[in-house]
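A.B. asks: What follows is a structure written as structure tokens; I'll ask about it next.
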Protein chains: 2
Amino acid sequence: MSPTTFFSGVSRRTLLSALVVLTVLPEMLLPAGAQTGVAGDPLPSWNDGATKQAIVNFVTAVTREGSPDFVPVPQRIATFDNDGTLWVEQPFPVQLFFALDRVKAMAPLHPEWKDKQPFKAVLEGDMKTLAESGERGLVEIVMVTHAGMTADEFSKIVTDWLATARHPRFKRPYTELVYQPMLELLAYLRANGFKTFIVSGGGIEFMRPWMEKVYGIPPEQVVGSSIKTRFEMREGRPELFRLPEINFVDDKAGKPVGINEFIGRRPIAAFGNSDGDLEMLQWTTMAGGGRRFGLIVRHTDAEREYAYDRSASLGRLDKALDAAAVNRWTMVDMKKDWKVIFPFER
Amino acid sequence: MSPTTFFSGVSRRTLLSALVVLTVLPEMLLPAGAQTGVAGDPLPSWNDGATKQAIVNFVTAVTREGSPDFVPVPQRIATFDNDGTLWVEQPFPVQLFFALDRVKAMAPLHPEWKDKQPFKAVLEGDMKTLAESGERGLVEIVMVTHAGMTADEFSKIVTDWLATARHPRFKRPYTELVYQPMLELLAYLRANGFKTFIVSGGGIEFMRPWMEKVYGIPPEQVVGSSIKTRFEMREGRPELFRLPEINFVDDKAGKPVGINEFIGRRPIAAFGNSDGDLEMLQWTTMAGGGRRFGLIVRHTDAEREYAYDRSASLGRLDKALDAAAVNRWTMVDMKKDWKVIFPFER
């Protein structure tokens, strides 16, 4: 069924609330060096044109000593959304696939789920009934699958899942479905003294384990949604237990809040793809002195990836599209600007 | 009056809850290079002996290639408490002095405070009545002085205050009352590939602005207590408003929770001085494979600084002192181990 149908009646915020996680991940799949461009052109997977030029112009302006736009290294903070900005978020967010698979894996220990919604719907693949369970149903599924274990245990669960899960369309591990041009952009920024952060609505512990290897972004530079944890000494061992309670939703107006809490400085560049990134782009580009950079990835390539914007129920790009024009944020047209989408296409 | 009297009936956790802040700070006072030791000895302000040797042995063991205890650079995470571990916390925490001064500074705009507790007590210097106002009174003072403005405004308030405030005993800016041997330790760890973090019960935004210059620790490596903030576009400007509501208390069992949420990896070394650091030291040293290091600064020098431990109402070191013996954490005896306490003594 289409994402639109599935998400009818379930807002993106609801979904994100429900997808709050904490985890660890899989064997990494990118060949070494996949993140660095060829000598001479730091962005080899980007077609020449206004988009690529805007990126290079910004980086040159803020890094050249003596430039009126020069920014000292410690202040070169760049924040990236994840779902739809760095990896595929269609037809469902990866974390939702994880949650549904977990329900199936846990079912033998919960015979009562055969007759209990929303679990019954998940086990029967009845997405319509699942969607009808609304926010309450989704939160229930997320809490059952993401809480009730230690932080270390959850990490292992996510790692194991990512090692075997495959995307329904591309038949590849999710960690291969990252955007090659964005990997080059991350590496290009870091080569120019930027510190790159993730600021995602996804679960912080679902992202941390694999991002260091796939994006070159260490756990301490990942900001995301979270559930609460509780510290306890158990049988002489210190443990953190994951509780079925939302701690923080790092989406929309939550993104500047998360940036301020975790990073404590205003970014000078922000990268997103949907209305969930609007406030982060505003916070980054519309205040504070000096040159700033905002960029939105537009999904325009149904053939190589997906095409969606104003009417999408997941990853909707509507208000932020209007704001981009007013604020002169750089727009990436995936179809036109990117030579390849994924690393495996090279 | 003595701290003991003031804090009768007010627990450390209460105080910390009340001291939750977000800010920016002052002109920095340490001469350039103050953080680096002389060539040859990276810890010149430490007397030779078992304590210094334990530090050097640990760092050598985890950084020497081929050592059975070798730890790769990205995993060399070290966490430091602040109050009483890196700077003076007596007779009151610096942040409490800040809050009381703010009440006085704000009083002209609040004529009603002349007759309203706990403000009346603060304005009249009646610490006994203030202490009797208990948790509720302290929280009220902290919320009035720390919330109700934007994040940027609060930063400026803290910066301005630190530029002129002086410690009642030492008659120096608080940012000069940092421990020289600990500055050397921070620099020594970083020179050996460690990433140094603050994990403090103090307000995160009260600490961030000055720590980069004084400790060499950037804002994104500061974990602390916080109040909630709300993002809002106001007159076309993105703003974060500070709300009178506790968000997170980064003390005791909150420290491992904060470490997991903000850093996302387990430290291999942790440094504290009181029972507030017990759980951080447990989390760091009592699980996970490999060599770990825990250190406690004992305040044993009433002449040069302060002497307090098991019976202190502020910065009590009791349970953690017992745990240190069992877990073989390294104990710093300030009087015996440190040649100088403060940078200005050199």
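By order of appearance in the structure tokens: chains A, B, ..., then residues from 1 within every chain, and ligands from 1 in the order shown.
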Against chain A, which residues of chain B fall within 6 Å? For each one I want the closest pair of atoms and the distance in Å (one decimal), counting only C-alpha atoms, rows by chain and increasing residue number, as CSV.
C.D. replies:
residue,atom,partner,partner_atom,distance
B:Pro219,CA,A:Gly264,CA,5.3
B:Glu220,CA,A:Ile263,CA,4.2
B:Phe231,CA,A:Ala253,CA,5.7
B:Pro238,CA,A:Trp283,CA,5.5
B:Ala253,CA,A:Phe231,CA,5.7
B:Ile263,CA,A:Glu220,CA,4.2
B:Gly264,CA,A:Pro219,CA,5.3
B:Trp283,CA,A:Pro238,CA,5.5
A.B. asks: What's the 12 Å shell around segment 165-171 of chain A, counting only C-alpha atoms, without same-chain residues fewer than 5 positions away, as a PyMOL selection string?
C.D. replies: chain A and resi 25-27+87-102+157-160+176-178+303-306+342+344-345
A.B. asks: Have a look at atom CA of Tyr179 of chain A and atom CA of Gly202 of chain A and let me know their distance in Å, one decimal.
C.D. replies: 17.3 Å
A.B. asks: Could you give me, as a PDB file with N, CA and C atoms, in the first residue's frame, the residues within 7 Å of Asp337 of chain A, counting only C-alpha atoms and dropping anything in the same chain fewer than 4 positions from it?
C.D. replies:
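Result file follows (result-v4.pdb):
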ATOM      1  N   TRP A  46      28.343  15.513  -8.001  1.00  0.00           N
ATOM      2  CA  TRP A  46      27.466  16.652  -8.247  1.00  0.00           C
ATOM      3  C   TRP A  46      27.710  17.182  -9.655  1.00  0.00           C
ATOM      4  N   ASN A  47      26.645  17.348 -10.413  1.00  0.00           N
ATOM      5  CA  ASN A  47      26.776  17.985 -11.719  1.00  0.00           C
ATOM      6  C   ASN A  47      27.126  19.462 -11.536  1.00  0.00           C
ATOM      7  N   VAL A 332      18.403  21.621  -3.921  1.00  0.00           N
ATOM      8  CA  VAL A 332      18.985  20.526  -4.690  1.00  0.00           C
ATOM      9  C   VAL A 332      17.875  19.829  -5.465  1.00  0.00           C
ATOM     10  N   ASP A 333      18.025  19.756  -6.758  1.00  0.00           N
ATOM     11  CA  ASP A 333      17.121  18.963  -7.596  1.00  0.00           C
ATOM     12  C   ASP A 333      17.836  17.630  -7.852  1.00  0.00           C
TER      13      ASP A 333
END
A.B. asks: Residues near Leu86 of chain B, anyone? I mean within 10 Å using only C-alpha atoms, not counting same-chain ones fewer than 5 positions away, as a ChimeraX atom specification.
C.D. replies: /B:80-81,177-183,186,198,215,271-273,297
A.B. asks: Closest to Pro42 of chain A among A:Ile246, A:Ile141, A:Ala78, A:Leu189, using only C-alpha atoms?
C.D. replies: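 Checking each candidate against Pro42 of chain A, we get A:Leu189 as the closest.
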A.B. asks: Taking 4 positions as the minimum chain separation for residues in the same chain, which residues sit within 8 Å of segment 57-72 of chain B when counting only C-alpha atoms? Answer as a ChimeraX atom specification.
C.D. replies: /B:53,76,189,192,290-293
A.B. asks: Those residues with C-alpha atoms, as a PDB file, in the first residue's frame please?
C.D. replies:
ATOM      1  CA  GLN B  53      51.968   8.063  38.554  1.00  0.00           C
ATOM      2  CA  ARG B  76      39.092   8.035  24.383  1.00  0.00           C
ATOM      3  CA  LEU B 189      44.585  14.036  28.049  1.00  0.00           C
ATOM      4  CA  ASN B 192      46.984  12.080  24.052  1.00  0.00           C
ATOM      5  CA  GLY B 290      39.179  -2.726  28.915  1.00  0.00           C
ATOM      6  CA  ARG B 291      41.088  -0.504  31.236  1.00  0.00           C
ATOM      7  CA  ARG B 292      39.187   2.339  32.910  1.00  0.00           C
ATOM      8  CA  PHE B 293      40.170   5.192  35.178  1.00  0.00           C
TER       9      PHE B 293
END
A.B. asks: Quick check for you: according to DSSP on this backbone, which residues of segment 260-332 of chain A are classed as strand (DSSP E)? Reply as a VMD selection string.
C.D. replies: chain A and resid 269 to 272 293 to 300 307 to 308 330 to 332
A.B. asks: Output N, CA and C atoms of each residue in that selection to a file, as a PDB file, in the first residue's frame.
C.D. replies:
ATOM      1  N   ALA A 269      25.515  26.489   8.870  1.00  0.00           N
ATOM      2  CA  ALA A 269      24.943  25.824   7.697  1.00  0.00           C
ATOM      3  C   ALA A 269      24.010  24.712   8.151  1.00  0.00           C
ATOM      4  N   ALA A 270      22.875  24.577   7.453  1.00  0.00           N
ATOM      5  CA  ALA A 270      21.914  23.526   7.807  1.00  0.00           C
ATOM      6  C   ALA A 270      21.357  22.902   6.529  1.00  0.00           C
ATOM      7  N   PHE A 271      21.091  21.589   6.616  1.00  0.00           N
ATOM      8  CA  PHE A 271      20.709  20.807   5.449  1.00  0.00           C
ATOM      9  C   PHE A 271      19.507  19.933   5.792  1.00  0.00           C
ATOM     10  N   GLY A 272      18.437  20.070   5.014  1.00  0.00           N
ATOM     11  CA  GLY A 272      17.242  19.294   5.291  1.00  0.00           C
ATOM     12  C   GLY A 272      16.509  18.945   4.013  1.00  0.00           C
ATOM     13  N   PHE A 293      24.233  29.421   5.462  1.00  0.00           N
ATOM     14  CA  PHE A 293      23.872  28.600   4.307  1.00  0.00           C
ATOM     15  C   PHE A 293      22.761  27.629   4.686  1.00  0.00           C
ATOM     16  N   GLY A 294      21.686  27.656   3.903  1.00  0.00           N
ATOM     17  CA  GLY A 294      20.606  26.693   4.085  1.00  0.00           C
ATOM     18  C   GLY A 294      20.418  25.923   2.788  1.00  0.00           C
ATOM     19  N   LEU A 295      20.179  24.630   2.900  1.00  0.00           N
ATOM     20  CA  LEU A 295      20.016  23.803   1.700  1.00  0.00           C
ATOM     21  C   LEU A 295      18.890  22.798   1.906  1.00  0.00           C
ATOM     22  N   ILE A 296      18.096  22.628   0.863  1.00  0.00           N
ATOM     23  CA  ILE A 296      17.009  21.643   0.893  1.00  0.00           C
ATOM     24  C   ILE A 296      17.174  20.664  -0.260  1.00  0.00           C
ATOM     25  N   VAL A 297      17.142  19.377   0.086  1.00  0.00           N
ATOM     26  CA  VAL A 297      17.184  18.319  -0.915  1.00  0.00           C
ATOM     27  C   VAL A 297      15.767  18.072  -1.412  1.00  0.00           C
ATOM     28  N   ARG A 298      15.547  18.277  -2.720  1.00  0.00           N
ATOM     29  CA  ARG A 298      14.217  17.997  -3.282  1.00  0.00           C
ATOM     30  C   ARG A 298      14.219  16.635  -3.957  1.00  0.00           C
ATOM     31  N   HIS A 299      13.256  15.848  -3.577  1.00  0.00           N
ATOM     32  CA  HIS A 299      13.142  14.498  -4.139  1.00  0.00           C
ATOM     33  C   HIS A 299      12.368  14.576  -5.450  1.00  0.00           C
ATOM     34  N   THR A 300      13.117  14.609  -6.560  1.00  0.00           N
ATOM     35  CA  THR A 300      12.530  14.848  -7.883  1.00  0.00           C
ATOM     36  C   THR A 300      12.760  13.690  -8.837  1.00  0.00           C
ATOM     37  N   ALA A 307       9.948  10.597  -5.886  1.00  0.00           N
ATOM     38  CA  ALA A 307       9.579  11.993  -6.138  1.00  0.00           C
ATOM     39  C   ALA A 307       8.404  12.344  -5.239  1.00  0.00           C
ATOM     40  N   TYR A 308       8.602  13.345  -4.389  1.00  0.00           N
ATOM     41  CA  TYR A 308       7.513  13.765  -3.489  1.00  0.00           C
ATOM     42  C   TYR A 308       7.822  15.137  -2.940  1.00  0.00           C
ATOM     43  N   THR A 330      19.432  27.209  -0.789  1.00  0.00           N
ATOM     44  CA  THR A 330      19.819  26.482  -1.987  1.00  0.00           C
ATOM     45  C   THR A 330      18.956  25.232  -2.135  1.00  0.00           C
ATOM     46  N   MET A 331      18.432  25.027  -3.355  1.00  0.00           N
ATOM     47  CA  MET A 331      17.582  23.868  -3.596  1.00  0.00           C
ATOM     48  C   MET A 331      18.351  22.842  -4.428  1.00  0.00           C
ATOM     49  N   VAL A 332      18.403  21.621  -3.921  1.00  0.00           N
ATOM     50  CA  VAL A 332      18.985  20.526  -4.690  1.00  0.00           C
ATOM     51  C   VAL A 332      17.875  19.829  -5.465  1.00  0.00           C
TER      52      VAL A 332
END
A.B. asks: Name all residues at most 8 Å from segment 103-114 of chain A (count only C-alpha atoms; drop same-chain ones fewer than 4 positions away) and give them as a ChimeraX atom specification.
C.D. replies: /A:99,119-120,122-123,141,145
A.B. asks: Rounded to one decimal in Å, what is the spacing between atom CA of Phe154 of chain A and atom CA of Trp210 of chain A?
C.D. replies: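 Separation between atom CA of Phe154 of chain A and atom CA of Trp210 of chain A: 13.7 Å.
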A.B. asks: Rounded to one decimal in Å, what is the spacing between atom CA of Gly148 of chain B and atom CA of Arg266 of chain A?
C.D. replies: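 That distance, rounded to one decimal, is 20.2 Å.
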